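J.: Pasting input17.cif below, which is mmCIF, C-alpha atoms and all ligand atoms.
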```cif
data_structure
loop_
_atom_site.label_atom_id
_atom_site.label_comp_id
_atom_site.auth_asym_id
_atom_site.auth_seq_id
_atom_site.Cartn_x
_atom_site.Cartn_y
_atom_site.Cartn_z
CA MET A 29 96.42 99.52 80.70
CA LYS A 30 94.59 98.91 83.97
CA GLN A 31 93.32 101.80 86.07
CA TYR A 32 95.15 101.24 89.33
CA LYS A 33 93.92 102.82 92.53
CA HIS A 34 95.95 101.02 95.18
CA ILE A 35 99.71 100.53 95.18
CA PHE A 36 101.22 98.06 97.61
CA PHE A 37 104.92 98.47 98.37
CA ASP A 38 107.39 96.14 99.98
CA LEU A 39 109.74 97.90 102.44
CA ASP A 40 113.09 96.14 102.90
CA ARG A 41 115.37 96.18 99.84
CA THR A 42 112.64 98.01 97.87
CA LEU A 43 112.53 101.41 99.64
CA TRP A 44 114.67 100.91 102.78
CA ASP A 45 118.23 100.00 101.83
CA PHE A 46 118.49 96.93 104.02
CA GLU A 47 122.01 95.91 102.99
CA GLN A 48 123.51 99.35 103.56
CA ASN A 49 121.68 99.89 106.85
CA SER A 50 122.56 96.43 108.07
CA HIS A 51 126.19 96.91 107.04
CA ASN A 52 126.31 100.16 109.05
CA VAL A 53 124.83 98.57 112.18
CA LEU A 54 127.08 95.53 112.01
CA GLN A 55 130.09 97.80 111.74
CA GLU A 56 128.99 99.50 114.98
CA ILE A 57 128.48 96.11 116.63
CA TYR A 58 131.89 94.86 115.43
CA LEU A 59 133.54 97.85 117.08
CA ASN A 60 131.38 97.97 120.24
CA HIS A 61 131.98 94.30 121.04
CA HIS A 62 135.72 94.51 120.28
CA LEU A 63 135.55 91.63 117.82
CA GLN A 64 138.98 92.44 116.41
CA ASN A 65 140.49 91.80 119.85
CA LYS A 66 138.63 88.49 119.99
CA GLY A 67 140.35 87.35 116.79
CA ILE A 68 138.13 88.37 113.86
CA PRO A 69 140.69 90.05 111.60
CA SER A 70 138.51 92.70 109.96
CA PHE A 71 134.97 93.93 109.76
CA GLU A 72 134.65 92.83 106.14
CA VAL A 73 135.62 89.25 107.02
CA PHE A 74 133.06 89.23 109.84
CA TYR A 75 130.40 90.78 107.61
CA ASN A 76 130.79 88.20 104.85
CA THR A 77 130.47 85.34 107.34
CA TYR A 78 127.45 86.88 109.05
CA HIS A 79 125.79 87.65 105.74
CA LYS A 80 125.87 84.03 104.57
CA ILE A 81 124.70 82.60 107.92
CA ASN A 82 121.91 85.16 108.23
CA HIS A 83 120.71 84.47 104.70
CA ASP A 84 120.45 80.72 105.33
CA LEU A 85 118.66 81.23 108.66
CA TRP A 86 116.15 83.61 107.06
CA ASP A 87 115.29 80.88 104.53
CA LEU A 88 114.47 78.59 107.47
CA TYR A 89 112.48 81.31 109.26
CA ARG A 90 110.47 82.09 106.12
CA ILE A 91 109.27 78.49 105.85
CA GLY A 92 108.48 78.35 109.57
CA LYS A 93 111.30 75.97 110.59
CA ILE A 94 112.82 78.30 113.21
CA THR A 95 111.49 81.05 115.48
CA LYS A 96 112.27 84.74 115.55
CA ASP A 97 114.23 84.40 118.80
CA PHE A 98 116.31 81.52 117.49
CA LEU A 99 117.11 83.41 114.29
CA ASN A 100 118.24 86.51 116.13
CA LEU A 101 120.57 84.66 118.51
CA GLU A 102 121.85 82.02 116.13
CA ARG A 103 122.94 84.40 113.35
CA PHE A 104 125.43 85.95 115.80
CA TYR A 105 126.31 82.81 117.75
CA ALA A 106 127.08 80.87 114.55
CA SER A 107 129.05 83.83 113.16
CA LEU A 108 131.23 83.95 116.29
CA LYS A 109 131.69 80.17 116.28
CA ALA A 110 132.90 80.38 112.68
CA PHE A 111 135.92 82.18 114.20
CA ASP A 112 136.20 79.71 117.12
CA ILE A 113 134.65 82.19 119.54
CA ASN A 114 132.21 80.21 121.68
CA GLU A 115 130.52 83.08 123.52
CA LYS A 116 126.78 82.77 123.75
CA ASP A 117 126.41 85.83 125.99
CA THR A 118 128.31 88.01 123.50
CA ALA A 119 126.07 86.67 120.73
CA LYS A 120 122.99 87.50 122.82
CA ALA A 121 124.23 91.05 123.41
CA MET A 122 125.01 91.46 119.70
CA GLY A 123 121.56 90.20 118.76
CA LEU A 124 119.98 92.68 121.14
CA ASP A 125 122.11 95.52 119.75
CA TYR A 126 121.19 94.57 116.21
CA VAL A 127 117.43 94.67 116.74
CA THR A 128 117.72 97.77 118.90
CA LEU A 129 119.97 99.82 116.60
CA SER A 130 119.04 98.79 113.05
CA PRO A 131 115.49 100.20 112.90
CA TYR A 132 116.97 103.65 113.54
CA LYS A 133 119.06 103.53 110.38
CA LYS A 134 117.62 105.70 107.65
CA VAL A 135 119.29 104.90 104.31
CA LEU A 136 116.66 104.70 101.57
CA PHE A 137 117.21 103.87 97.91
CA PRO A 138 117.69 106.90 95.65
CA GLY A 139 114.41 108.40 94.49
CA THR A 140 112.25 106.99 97.32
CA HIS A 141 110.80 110.31 98.51
CA GLU A 142 110.47 111.69 94.97
CA LEU A 143 108.59 108.57 93.84
CA LEU A 144 106.25 108.36 96.82
CA THR A 145 105.51 112.09 96.73
CA ALA A 146 104.50 111.83 93.08
CA LEU A 147 102.46 108.64 93.46
CA GLN A 148 100.65 109.83 96.57
CA VAL A 149 98.80 112.43 94.50
CA LYS A 150 97.21 109.82 92.22
CA TYR A 151 96.96 106.62 94.26
CA LYS A 152 96.40 105.17 97.69
CA LEU A 153 99.71 103.77 98.89
CA HIS A 154 100.15 100.86 101.31
CA LEU A 155 102.96 98.67 102.61
CA ILE A 156 103.06 94.89 102.92
CA THR A 157 106.22 93.89 104.74
CA ASN A 158 107.54 90.60 106.09
CA GLY A 159 109.19 91.18 109.43
CA PHE A 160 108.87 91.93 113.09
CA ALA A 161 106.22 94.47 114.04
CA GLU A 162 108.26 96.64 116.40
CA VAL A 163 111.25 96.73 114.05
CA GLN A 164 109.32 97.58 110.90
CA THR A 165 107.20 100.24 112.63
CA THR A 166 110.31 102.03 113.94
CA LYS A 167 112.03 101.89 110.53
CA ILE A 168 109.00 103.43 108.82
CA LYS A 169 108.80 106.27 111.36
CA GLU A 170 112.53 106.94 111.59
CA SER A 171 113.07 107.06 107.83
CA ASP A 172 110.10 109.44 107.45
CA LEU A 173 107.98 107.08 105.33
CA GLU A 174 104.88 106.94 107.52
CA LYS A 175 103.29 110.00 105.90
CA TYR A 176 102.91 108.30 102.52
CA PHE A 177 101.00 105.16 103.53
CA GLU A 178 97.35 104.63 104.38
CA LYS A 179 97.67 101.04 105.57
CA ILE A 180 100.75 99.22 106.77
CA ILE A 181 100.50 95.43 106.89
CA ILE A 182 103.29 93.70 108.82
CA SER A 183 103.43 89.93 108.53
CA GLU A 184 104.06 89.35 112.22
CA THR A 185 100.67 90.89 113.03
CA THR A 186 98.94 88.41 110.68
CA PRO A 187 99.07 84.60 110.58
CA TRP A 188 100.89 84.75 107.20
CA LYS A 189 104.01 85.95 105.41
CA LYS A 190 104.50 86.84 101.75
CA PRO A 191 104.34 84.93 99.39
CA SER A 192 101.26 83.37 101.01
CA PRO A 193 98.24 84.37 98.90
CA GLU A 194 96.39 84.86 102.20
CA ILE A 195 98.40 87.94 103.19
CA PHE A 196 97.65 89.56 99.83
CA LYS A 197 93.93 88.79 100.17
CA TYR A 198 94.01 90.12 103.73
CA SER A 199 95.71 93.32 102.48
CA LEU A 200 93.05 93.88 99.82
CA ASN A 201 90.38 93.36 102.43
CA LYS A 202 91.99 95.77 104.87
CA THR A 203 92.31 98.51 102.25
CA ASN A 204 88.93 97.96 100.54
CA ALA A 205 90.79 97.34 97.30
CA THR A 206 90.05 94.91 94.49
CA VAL A 207 92.73 92.86 92.83
CA GLU A 208 92.07 94.50 89.43
CA GLU A 209 92.77 98.01 90.74
CA SER A 210 95.91 97.00 92.69
CA ILE A 211 99.57 96.53 91.92
CA MET A 212 102.40 95.18 94.08
CA ILE A 213 105.90 96.68 93.95
CA GLY A 214 108.81 94.74 95.43
CA ASP A 215 112.32 93.37 95.07
CA ASP A 216 111.69 89.73 95.94
CA ILE A 217 110.66 87.63 92.96
CA ASN A 218 109.12 84.96 95.20
CA ALA A 219 107.68 86.85 98.17
CA ASP A 220 106.44 89.96 96.38
CA ILE A 221 106.08 89.16 92.71
CA LYS A 222 104.99 85.52 92.56
CA GLY A 223 103.00 86.09 95.75
CA ALA A 224 100.97 88.91 94.22
CA ALA A 225 100.66 87.05 90.92
CA SER A 226 99.21 84.05 92.78
CA ILE A 227 96.02 86.04 93.46
CA GLY A 228 96.04 87.71 90.03
CA MET A 229 97.51 91.03 91.16
CA ASP A 230 99.79 92.91 88.77
CA GLN A 231 103.37 93.50 89.88
CA ILE A 232 106.39 95.73 89.37
CA TRP A 233 109.66 93.96 90.14
CA THR A 234 112.29 96.40 91.47
CA ASN A 235 115.24 94.41 90.23
CA PHE A 236 118.07 96.70 91.39
CA THR A 237 120.58 93.85 91.32
CA LYS A 238 119.59 92.89 87.74
CA SER A 239 118.93 89.28 88.76
CA LYS A 240 117.75 86.67 86.29
CA SER A 241 114.35 85.05 86.67
CA ASP A 242 112.26 82.61 84.63
CA PHE A 243 109.13 84.29 85.96
CA LYS A 244 107.86 87.23 83.94
CA PRO A 245 106.49 90.04 86.14
CA THR A 246 103.97 92.53 84.72
CA HIS A 247 106.73 95.16 84.77
CA THR A 248 110.38 95.27 85.80
CA VAL A 249 112.47 98.31 86.72
CA THR A 250 116.09 98.64 87.82
CA LYS A 251 115.67 102.04 89.51
CA LEU A 252 112.79 103.30 91.65
CA ILE A 253 112.25 106.43 89.62
CA GLU A 254 111.51 104.34 86.48
CA ILE A 255 108.22 103.41 88.16
CA LEU A 256 106.94 106.87 87.19
CA ASN A 257 107.11 105.75 83.55
CA ILE A 258 104.62 102.97 84.37
CA LEU A 259 102.24 104.59 86.88
MG MG A 301 112.04 93.17 100.11
#
```
Would you mind giving the structure from this file in structure tokens?

T.:
Amino acid sequence: MKQYKHIFFDLDRTLWDFEQNSHNVLQEIYLNHHLQNKGIPSFEVFYNTYHKINHDLWDLYRIGKITKDFLNLERFYASLKAFDINEKDTAKAMGLDYVTLSPYKKVLFPGTHELLTALQVKYKLHLITNGFAEVQTTKIKESDLEKYFEKIIISETTPWKKPSPEIFKYSLNKTNATVEESIMIGDDINADIKGAASIGMDQIWTNFTKSKSDFKPTHTVTKLIEILNIL
């Protein structure tokens, strides 16, 4: 068993319940923009369409094929067009609402505070998160997570995104940590787990959805609190 000193956490879908928070914001947007009156029969129908479009656009953003601004407009514009609503201005307003409102949502996965409180006594905790700087910073503050972390590395403030080995090396550098005394905890088998493994860092995969993977992480848990059995 290695003697870890530094624990690097992912944020979205690892601690901050992205799906639930996003669902709550989109419900507000659906109501505020009167999408039912425009012909989208129910929020759930809208949500399912948006979810698929957003997922595909994020794949393109992650590999650098589209910009942040394009992603934020297009996920709403394409979702409206899927219901024959060709309203770019509405899509723009929805995109603005989404980025404005969502960072203020505070739903965390069960056990987040309990886990971080316990780990903080024994380790230095840090975050490495892919995302937009202003959005991620607000989320961390609003959901009362800031107090646990010494260093917060947000991809937009670096030239890289996870799974680039460079962002992991940069994070070690910024925290004065070595790879041997560090472990990465995250939900994304590619971005977090394979990314950390690519520089020889141990990993804990928070596989809440019990997904299958050919890659074998150092450890896998299905609930946050199980991490206390490992660390
Ligand atoms: Mg994540």

J.: Using Å and a single decimal, report how far CA of Ser192 in chain A sits from CA of Thr248 in chain A.

T.: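 Computing it gives 21.4 Å between the two atoms.
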
J.: For ligand MG 301 (chain A), which residue among A:Asp172, A:Glu56, A:Asp112, A:Asp215 is the nearest when counting all atoms listed in the file?

T.: A:Asp215

J.: Do you know which residues are at most 6 Å from range 129-138 of chain A counting only C-alpha atoms, after dropping those on the same chain fewer than 5 positions away, and could you put them as a ChimeraX atom specification?

T.: /A:43-45,49,53,163,166-167,170-171

J.: For chain A against ligand MG 301 (chain A), with a cut-off of 6 Å and counting all atoms listed in the file, what is the closest atom pair and its distance in Å to one decimal for every residue that makes the cut, ordered by chain and number, as a tab-separated table?

T.:
```
residue	atom	partner	partner_atom	distance
A:Asp38	CA	A:MG301	MG	5.5
A:Leu39	CA	A:MG301	MG	5.8
A:Asp40	CA	A:MG301	MG	4.2
A:Arg41	CA	A:MG301	MG	4.5
A:Thr42	CA	A:MG301	MG	5.4
A:Gly214	CA	A:MG301	MG	5.9
A:Asp215	CA	A:MG301	MG	5.1
A:Asp216	CA	A:MG301	MG	5.4
```

J.: Near Asn204 in chain A, within 12 Å and counting all atoms listed in the file, which residues show up once chain neighbours fewer than 5 positions away are dropped, as an mmCIF file with C-alpha atoms, in the coordinates of the input?

T.:
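So the final result, stored in selection.cif, reads:
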```
data_model
loop_
_atom_site.group_PDB
_atom_site.id
_atom_site.type_symbol
_atom_site.label_atom_id
_atom_site.label_comp_id
_atom_site.auth_asym_id
_atom_site.auth_seq_id
_atom_site.Cartn_x
_atom_site.Cartn_y
_atom_site.Cartn_z
ATOM 1 C CA LYS A 33 93.920 102.820 92.530
ATOM 2 C CA HIS A 34 95.950 101.020 95.180
ATOM 3 C CA LYS A 152 96.400 105.170 97.690
ATOM 4 C CA HIS A 154 100.150 100.860 101.310
ATOM 5 C CA GLU A 178 97.350 104.630 104.380
ATOM 6 C CA LYS A 179 97.670 101.040 105.570
ATOM 7 C CA LYS A 197 93.930 88.790 100.170
ATOM 8 C CA TYR A 198 94.010 90.120 103.730
ATOM 9 C CA SER A 199 95.710 93.320 102.480
ATOM 10 C CA GLU A 209 92.770 98.010 90.740
ATOM 11 C CA SER A 210 95.910 97.000 92.690
#
```

J.: Could you name the residues that touch Ala161 in chain A at 10 Å or less, counting all atoms listed in the file, but leaving out those on the same chain fewer than 3 positions away, as a list in words?

T.: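 Using all atoms listed in the file, the neighbours found are Thr157, Asn158, Gln164, Thr165, Thr166, Ile181, Ile182, Ser183, Glu184 and Thr185 of chain A.
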
J.: Around (119.5, 85.9, 106.9), as given in the file, which residues come within 12 Å? Count only C-alpha atoms and list them as a ChimeraX atom specification.

T.: /A:46-47,50,75-90,94,96,98-104,106-107,159

J.: Tell me which of A:Lys93, A:Phe111, A:Ile213, A:Leu143 sits closest to Asn257 in chain A, counting all atoms listed in the file.

T.: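 The shortest atom-to-atom distance to Asn257 in chain A comes from A:Leu143.
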